[in-house]
Each structure stands twice: as C-alpha cells, then as structure tokens.
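Novice: Provided herewith: target-v7.cif, mmCIF, C-alpha atoms.
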```cif
data_run
loop_
_atom_site.label_atom_id
_atom_site.label_comp_id
_atom_site.auth_asym_id
_atom_site.auth_seq_id
_atom_site.Cartn_x
_atom_site.Cartn_y
_atom_site.Cartn_z
CA MET A 19 45.64 28.33 -1.57
CA ARG A 20 47.30 25.61 0.52
CA ALA A 21 50.15 25.34 -1.97
CA ALA A 22 50.60 29.10 -1.92
CA ALA A 23 50.74 29.09 1.89
CA LEU A 24 53.42 26.40 1.89
CA ALA A 25 55.43 28.32 -0.68
CA THR A 26 55.21 31.47 1.43
CA ALA A 27 56.26 29.51 4.52
CA GLY A 28 59.22 28.05 2.69
CA ALA A 29 60.38 31.46 1.49
CA ALA A 30 60.14 32.89 4.99
CA LEU A 31 61.97 29.96 6.55
CA VAL A 32 64.96 30.34 4.21
CA ALA A 33 65.67 33.70 5.79
CA LEU A 34 65.80 32.24 9.30
CA THR A 35 68.90 32.30 11.45
CA THR A 36 69.34 30.19 14.52
CA GLY A 37 69.88 33.31 16.62
CA ALA A 38 66.52 34.87 15.74
CA CYS A 39 65.34 36.96 18.69
CA GLY A 40 64.16 40.51 19.19
CA GLY A 41 66.89 41.54 21.58
CA LYS A 42 68.72 40.51 24.72
CA SER A 43 65.85 41.45 27.00
CA ASP A 44 63.35 39.50 24.90
CA CYS A 45 65.26 36.25 24.47
CA CYS A 46 64.56 33.39 26.80
CA VAL A 47 67.24 31.26 25.10
CA LYS A 48 70.67 32.45 24.02
CA ALA A 49 71.46 32.26 20.33
CA PRO A 50 73.67 29.31 19.41
CA THR A 51 77.27 29.98 18.56
CA ALA A 52 78.97 28.63 15.45
CA SER A 53 81.08 25.52 15.96
CA PRO A 54 84.17 24.84 13.81
CA SER A 55 82.46 22.00 11.95
CA PRO A 56 79.40 19.76 11.91
CA THR A 57 79.56 16.71 14.13
CA THR A 58 80.50 13.29 12.84
CA PRO A 59 79.40 10.09 14.57
CA GLY A 60 82.26 9.08 16.83
CA GLY A 61 84.78 10.85 14.63
CA VAL A 62 84.52 8.06 12.04
CA PRO A 63 86.48 9.03 8.88
CA GLY A 64 84.25 9.20 5.81
CA ALA A 65 81.03 9.16 7.82
CA ALA A 66 78.25 11.60 6.94
CA TRP A 67 78.30 15.03 8.60
CA GLU A 68 75.36 15.54 10.96
CA PHE A 69 73.33 18.75 11.14
CA PRO A 70 70.64 19.29 13.80
CA SER A 71 67.13 19.84 12.48
CA GLN A 72 67.04 23.27 14.11
CA ALA A 73 69.77 24.58 11.84
CA THR A 74 68.47 26.49 8.82
CA SER A 75 71.70 27.39 7.01
CA LEU A 76 74.08 24.52 6.28
CA ARG A 77 77.62 24.74 4.87
CA VAL A 78 79.15 21.58 3.42
CA ARG A 79 82.08 20.59 1.25
CA ALA A 80 81.55 19.33 -2.29
CA GLY A 81 81.76 15.56 -2.58
CA THR A 82 80.71 14.82 1.01
CA ASP A 83 77.64 13.17 2.51
CA PHE A 84 75.59 14.95 5.16
CA ASP A 85 72.49 14.15 7.21
CA ILE A 86 69.82 16.37 8.74
CA VAL A 87 69.10 14.68 12.07
CA LEU A 88 65.67 15.01 13.66
CA ARG A 89 65.99 13.91 17.25
CA ALA A 90 63.39 12.31 19.52
CA GLY A 91 59.91 13.02 18.19
CA GLY A 92 61.12 13.50 14.62
CA SER A 93 59.17 10.56 13.19
CA GLY A 94 56.32 12.90 12.18
CA TRP A 95 58.41 14.16 9.24
CA ARG A 96 58.86 12.65 5.78
CA VAL A 97 62.59 12.45 5.28
CA ASP A 98 62.33 10.03 2.36
CA GLU A 99 60.49 12.52 0.12
CA PRO A 100 62.47 15.77 0.39
CA LYS A 101 62.14 18.58 -2.13
CA VAL A 102 65.60 19.56 -3.36
CA GLU A 103 65.92 22.79 -5.34
CA GLY A 104 69.26 23.15 -7.13
CA ALA A 105 71.67 20.67 -8.70
CA THR A 106 74.40 21.11 -6.10
CA VAL A 107 72.74 18.71 -3.65
CA ARG A 108 70.97 15.39 -4.15
CA TYR A 109 69.05 13.02 -1.91
CA ARG A 110 71.05 9.94 -0.91
CA SER A 111 69.24 6.65 -1.23
CA VAL A 112 69.76 4.07 1.50
CA ALA A 113 72.03 2.06 -0.78
CA ALA A 114 74.19 5.11 -1.54
CA ALA A 115 74.45 6.35 2.03
CA SER A 116 77.79 6.22 3.85
CA GLY A 117 78.24 3.56 6.47
CA ALA A 118 75.75 0.81 7.24
CA ALA A 119 72.45 0.98 5.40
CA SER A 120 70.52 0.83 8.64
CA ASP A 121 72.17 4.06 9.79
CA ALA A 122 70.51 5.98 6.95
CA THR A 123 67.11 4.33 7.16
CA PRO A 124 64.34 6.73 8.26
CA GLY A 125 63.48 5.98 11.88
CA ALA A 126 66.86 4.39 12.68
CA ALA A 127 68.57 5.38 15.91
CA SER A 128 71.02 8.24 15.40
CA ARG A 129 74.68 7.36 15.52
CA ALA A 130 75.00 10.46 17.69
CA GLY A 131 73.05 8.56 20.36
CA ALA A 132 69.69 10.38 20.25
CA LYS A 133 66.74 8.11 20.89
CA ASP A 134 64.30 7.55 18.03
CA ALA A 135 66.18 9.96 15.75
CA VAL A 136 65.28 10.22 12.07
CA ARG A 137 67.88 11.03 9.42
CA ALA A 138 67.43 12.79 6.07
CA PRO A 139 70.52 11.80 4.01
CA PHE A 140 72.01 13.99 1.26
CA HIS A 141 75.15 14.31 -0.87
CA ALA A 142 76.88 17.57 -1.81
CA VAL A 143 77.51 17.24 -5.56
CA LYS A 144 79.33 20.44 -6.53
CA PRO A 145 79.91 24.03 -5.32
CA GLY A 146 76.87 26.27 -5.34
CA THR A 147 73.66 26.75 -3.38
CA ALA A 148 70.54 24.66 -2.92
CA ARG A 149 67.39 24.53 -0.85
CA ILE A 150 66.02 21.46 0.92
CA VAL A 151 62.41 21.28 2.10
CA LEU A 152 61.19 18.52 4.43
CA THR A 153 57.44 18.00 4.84
CA SER A 154 55.53 16.65 7.82
CA ALA A 155 53.62 13.39 7.52
CA ASP A 156 50.33 15.28 7.64
CA ARG A 157 51.58 17.59 4.85
CA GLU A 158 50.76 20.67 6.93
CA ARG A 159 54.26 21.77 7.99
CA THR A 160 57.59 22.25 6.29
CA MET A 161 61.19 22.73 7.36
CA THR A 162 63.42 24.59 4.92
CA TYR A 163 67.22 24.49 4.82
CA GLN A 164 69.48 26.75 2.77
CA VAL A 165 72.61 24.81 1.76
CA THR A 166 75.90 26.32 0.60
CA VAL A 167 78.31 23.84 -0.99
CA GLY A 168 81.93 24.93 -1.19
CA THR A 169 85.41 23.52 -1.48
CA GLY A 170 86.49 24.22 2.10
CA PRO A 171 85.52 22.40 5.32
CA GLY A 172 81.87 22.29 6.31
CA ALA A 173 80.45 24.19 9.26
CA ALA A 174 77.25 24.14 11.28
CA PRO A 175 75.63 25.87 14.22
CA SER A 176 75.80 24.04 17.52
CA ALA A 177 73.13 21.39 18.00
CA ALA A 178 71.05 23.59 20.27
CA PRO A 179 71.10 26.92 22.10
CA ASN A 180 73.36 26.91 25.14
CA ALA A 181 70.77 28.05 27.65
CA THR A 182 71.69 27.88 31.33
CA GLY A 183 70.92 29.91 34.38
CA GLY A 184 74.55 30.53 35.18
CA ASP A 185 75.22 30.68 38.91
CA LEU A 186 71.64 31.71 39.70
CA LYS A 187 70.29 29.67 42.63
CA ARG A 188 67.10 28.05 41.39
CA GLY A 189 65.52 27.49 44.80
CA ARG A 190 62.62 25.03 45.13
CA ALA A 191 61.72 23.22 41.89
CA LEU A 192 57.95 22.93 41.48
CA GLY A 193 56.26 20.23 39.41
CA THR A 194 53.63 22.54 37.94
CA GLY A 195 54.81 25.05 35.37
CA PHE A 196 53.92 26.74 32.10
CA THR A 197 51.04 25.15 30.20
CA GLY A 198 48.71 26.06 27.35
CA GLY A 199 44.99 26.78 27.61
CA SER A 200 44.11 28.37 30.94
CA GLY A 201 47.70 27.90 32.10
CA GLY A 202 49.18 26.38 35.21
CA GLU A 203 48.68 27.62 38.77
CA VAL A 204 51.09 27.54 41.72
CA THR A 205 50.97 28.88 45.27
CA VAL A 206 54.18 29.73 47.16
CA ARG A 207 55.18 31.25 50.47
CA ARG A 208 56.44 34.79 50.73
CA GLY A 209 60.23 34.97 50.79
CA GLU A 210 60.70 31.81 48.73
CA ARG A 211 62.91 31.45 45.69
CA PHE A 212 61.44 28.86 43.32
CA SER A 213 61.68 27.55 39.75
CA LEU A 214 58.92 26.59 37.31
CA PRO A 215 59.38 24.29 34.28
CA ASN A 216 58.40 24.72 30.66
CA ALA A 217 58.52 21.20 29.22
CA TYR A 218 58.49 20.71 25.45
CA SER A 219 60.11 18.95 22.53
CA ASN A 220 62.63 21.15 20.74
CA VAL A 221 61.99 19.37 17.42
CA PRO A 222 61.84 20.90 14.89
CA GLY A 223 62.63 23.94 17.01
CA ILE A 224 60.60 26.51 18.92
CA THR A 225 62.22 29.63 20.36
CA TRP A 226 60.61 30.73 23.63
CA ARG A 227 60.62 34.25 25.01
CA VAL A 228 58.96 35.88 27.99
CA VAL A 229 56.20 38.22 26.83
CA SER A 230 54.68 39.10 30.22
CA ARG A 231 56.41 38.62 33.54
CA GLY A 232 55.12 41.15 36.08
CA ALA A 233 58.57 42.54 36.86
CA SER A 234 57.18 44.69 39.68
CA GLY A 235 54.62 42.12 40.83
CA PRO A 236 54.65 39.85 43.87
CA ALA A 237 56.97 37.26 42.24
CA PRO A 238 59.37 38.83 39.75
CA LEU A 239 61.24 36.62 37.27
CA LEU A 240 64.94 36.75 38.14
CA SER A 241 66.28 35.89 34.69
CA ASP A 242 64.92 35.49 31.16
CA VAL A 243 67.57 32.83 30.51
CA PRO A 244 66.37 29.44 31.76
CA HIS A 245 68.27 26.50 33.17
CA VAL A 246 67.88 23.58 30.73
CA GLU A 247 67.45 19.93 31.68
CA GLY A 248 67.17 17.00 29.31
CA ASP A 249 68.25 16.93 25.67
CA ALA A 250 68.88 20.55 24.71
CA ALA A 251 68.05 19.68 21.09
CA GLY A 252 65.15 17.33 21.88
CA ASP A 253 62.84 16.70 24.85
CA ARG A 254 63.75 19.25 27.49
CA LYS A 255 62.64 21.31 30.48
CA ASP A 256 63.47 25.00 30.73
CA TRP A 257 63.43 26.13 34.36
CA TYR A 258 62.64 29.80 35.11
CA THR A 259 63.51 31.16 38.56
CA PHE A 260 61.35 33.57 40.59
CA SER A 261 61.47 35.29 43.97
CA ALA A 262 58.32 35.55 46.07
CA ASP A 263 58.77 39.11 47.28
CA ARG A 264 55.31 39.97 48.56
CA ALA A 265 51.75 38.68 48.76
CA GLY A 266 49.62 38.83 45.62
CA THR A 267 48.98 37.17 42.28
CA THR A 268 50.71 37.55 38.92
CA VAL A 269 50.53 35.81 35.53
CA VAL A 270 53.68 35.09 33.53
CA GLU A 271 53.44 34.24 29.82
CA LEU A 272 55.88 32.60 27.40
CA PHE A 273 55.54 32.75 23.63
CA GLY A 274 56.91 29.82 21.64
CA CYS A 275 57.73 30.95 18.11
CA TYR A 276 57.81 28.10 15.56
CA ARG A 277 60.74 28.59 13.18
CA CYS A 278 60.15 32.35 13.09
CA THR A 279 62.16 35.26 11.75
CA ASN A 280 63.36 37.71 14.42
CA GLY A 281 61.03 36.16 16.97
CA THR A 282 57.89 37.00 14.98
CA PRO A 283 55.70 34.62 12.96
CA GLU A 284 55.83 35.82 9.36
CA SER A 285 54.00 32.98 7.59
CA ALA A 286 50.71 31.12 7.97
CA GLU A 287 52.68 28.03 8.95
CA SER A 288 54.69 29.66 11.74
CA ARG A 289 51.57 31.38 13.08
CA ALA A 290 49.66 28.08 13.11
CA TYR A 291 52.29 26.23 15.14
CA SER A 292 53.47 28.98 17.48
CA GLU A 293 51.91 28.93 20.94
CA THR A 294 51.54 30.84 24.20
CA ARG A 295 51.91 29.22 27.63
CA SER A 296 51.31 30.79 31.00
CA VAL A 297 51.37 30.20 34.73
CA ARG A 298 49.49 32.02 37.52
CA ILE A 299 51.60 32.55 40.62
CA THR A 300 50.00 33.31 43.99
CA VAL A 301 52.21 34.42 46.87
CA ARG A 302 50.73 34.05 50.37
#
```
Could the structure of this file be written out as structure tokens, please?
Specialist:
Amino acid sequence: MRAAALATAGAALVALTTGACGGKSDCCVKAPTASPSPTTPGGVPGAAWEFPSQATSLRVRAGTDFDIVLRAGGSGWRVDEPKVEGATVRYRSVAAASGAASDATPGAASRAGAKDAVRAPFHAVKPGTARIVLTSADRERTMTYQVTVGTGPGAAPSAAPNATGGDLKRGRALGTGFTGGSGGEVTVRRGERFSLPNAYSNVPGITWRVVSRGASGPAPLLSDVPHVEGDAAGDRKDWYTFSADRAGTTVVELFGCYRCTNGTPESAESRAYSETRSVRITVR
C-alpha cells in the first residue's frame, strides 16, 4: 500500500507547475516567471546548470550537466539514490561531476552561495524526456521532476516566487504571527496598521494561500501578497499587513499546500505534509 501511495504521489507531482494556484484572489504568493536560462555558479563556462528544488519541469540541453539544488534544510533528502526513469538522463557520480568533486558531494555548500545546500547531480545524455524522483531520508516523501532534454539552450523557472508587498506600508511588525496548532494570538490598538509573519522553510516548496481572513472584520487583511524577508527559496518570513479598523476579534488562516496541483492536495503525500496555520487578532 505504501508503494502504491508513493507511485500515486509521483504521478500527481509530475503534473505540477510552479504557478499552481486557484486564482488571483486565492494566491498568497505570485507565480514565478520563466527566466531565459537556469543559473550557473558565477557564470563559470562548463559548470553544471542549477535548478531550484521547487521547480518541477526542467529543460536542459543534451550533453550538459545539471544539478537540482536543495537549499538550507535540504539535508533530509537522499540525493545520492535518485530514481531516474528514461535513458535521456543519468545520475552523475562525484567523479564524473563538473568542477571540483566537493562541489557535487551531497551536503556540500552550494556554489550559488546558499548555506547547507545539497546538490543532486545529473547529466543530459540525449534528446527526449525523463523523470527524476528524489526520496526523503525517512522514505516517506518524494519530489518528482519532469525533464525535457533538447538541442537548444536550457531554461528554468526562477529560483522562487517573486512575492513582495509592493508599495504597501507594512506598519508595525509584530513578533508573533501565524502558527500551527491553536494558532498565534496578538492584540493591537484600534487605528493601527501592522504586519504579522509566517516563518517557514521553502524547501522543498510549500505554496501558501489565505483561506479565511475576515475581510469585513475588525482587522481586514490589506493584501494577499506578502512581503518576503530572508531567502525567498529557503528559510523565509512572509509578512501580511492588516489594518485595525474597529474593536473586536477575528481569526485569519493560511493553508500551506505541499507540492500540490492547482492549490489542492491530490495525493496522500501532499495531504500528509500540507498544513494550516492561523492567528487570532484582537483589536481594542
């Protein structure tokens, strides 16, 4: 049964896109935009292309090396035992990896500068398609990547969603924010504008959206799009801004969808690792 669940999770994850969200009003983070090419460490010629672990569809050129980079917190994943389906891609051993051997060793610091990054090294053999599945150390989670190998230049999504609050004034930043379980609690003065944090690690990638915000309550949320601090692709804080309009109490909830399709868990795996966080706001 466990094997069947993992297979189902893998099939569902292949269909993922990095812009998965139900609609503009539901998204707490903007979908990433496509960049012209994957990043290379310092622009070094011949170095392996780097894809962020949040990407699910990779495009590479035949004959090139590429790495899937799990940023801070990625050490819980087995990158030395990937499952590769299809002959167009093969796992690169440390000896065969481009550059210094230490750069391709699991657990080595990323050449892109991310702390405690882990790299899964591969080589694009010939044009065609393949699927790569990484498994967590506890064997309970998977990350699936659909790879297209062609003869043109490679391309990848940006390393992380570009989520900012624009010109919105964030007001007073409070230390307490969204938490699991019974949730966090804050008390503010009427007339205040304030921001609350949702702190998390964006590895291997959770998409957050507001599911309950009390739009007509005492402290309406001013924008579903948060202001991001920290590593947008790793350990980060998403700040949501509110306005204390009148006295009363309201509860705001966020739903973190773990590698979901269209913002909805569609496998046992994504359901198991998705989570809800909330905060109770009292305006006096």
Novice: If you count only C-alpha atoms, which residues fall within 12 Å of Val206 in chain A, apart from same-chain ones fewer than 4 positions away, as a list of chain:residue names?
Specialist: A:Gly189, A:Arg190, A:Ala191, A:Leu192, A:Thr194, A:Glu210, A:Arg211, A:Phe212, A:Ser213, A:Leu214, A:Pro236, A:Ala237, A:Phe260, A:Ser261, A:Ala262, A:Asp263, A:Arg264, A:Ala265, A:Gly266, A:Thr267, A:Thr268, A:Arg298, A:Ile299, A:Thr300, A:Val301, A:Arg302
Novice: When the PyMOL selection byres ((chain A and resi 251-259) around 7) is applied to the structure above, which residues does it catch, written out as a PDB file with C-alpha atoms, in the coordinates of the input?
Specialist:
```pdb
ATOM      1  CA  ARG A  89      65.990  13.910  17.250  1.00  0.00           C
ATOM      2  CA  ALA A  90      63.390  12.310  19.520  1.00  0.00           C
ATOM      3  CA  ALA A 177      73.130  21.390  18.000  1.00  0.00           C
ATOM      4  CA  ALA A 178      71.050  23.590  20.270  1.00  0.00           C
ATOM      5  CA  ARG A 188      67.100  28.050  41.390  1.00  0.00           C
ATOM      6  CA  PHE A 212      61.440  28.860  43.320  1.00  0.00           C
ATOM      7  CA  SER A 213      61.680  27.550  39.750  1.00  0.00           C
ATOM      8  CA  LEU A 214      58.920  26.590  37.310  1.00  0.00           C
ATOM      9  CA  PRO A 215      59.380  24.290  34.280  1.00  0.00           C
ATOM     10  CA  ASN A 216      58.400  24.720  30.660  1.00  0.00           C
ATOM     11  CA  ALA A 217      58.520  21.200  29.220  1.00  0.00           C
ATOM     12  CA  TYR A 218      58.490  20.710  25.450  1.00  0.00           C
ATOM     13  CA  SER A 219      60.110  18.950  22.530  1.00  0.00           C
ATOM     14  CA  ASN A 220      62.630  21.150  20.740  1.00  0.00           C
ATOM     15  CA  VAL A 221      61.990  19.370  17.420  1.00  0.00           C
ATOM     16  CA  LEU A 239      61.240  36.620  37.270  1.00  0.00           C
ATOM     17  CA  LEU A 240      64.940  36.750  38.140  1.00  0.00           C
ATOM     18  CA  SER A 241      66.280  35.890  34.690  1.00  0.00           C
ATOM     19  CA  PRO A 244      66.370  29.440  31.760  1.00  0.00           C
ATOM     20  CA  HIS A 245      68.270  26.500  33.170  1.00  0.00           C
ATOM     21  CA  VAL A 246      67.880  23.580  30.730  1.00  0.00           C
ATOM     22  CA  GLU A 247      67.450  19.930  31.680  1.00  0.00           C
ATOM     23  CA  GLY A 248      67.170  17.000  29.310  1.00  0.00           C
ATOM     24  CA  ASP A 249      68.250  16.930  25.670  1.00  0.00           C
ATOM     25  CA  ALA A 250      68.880  20.550  24.710  1.00  0.00           C
ATOM     26  CA  PHE A 260      61.350  33.570  40.590  1.00  0.00           C
TER      27      PHE A 260
END
```
Novice: Just checking: using all atoms listed in the file, which residue out of A:Arg231, A:Arg295, A:Lys101, A:Arg207 ends up closest to Thr160 in chain A?
Specialist: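 Answer, going by the shortest atom-to-atom distance: A:Lys101.
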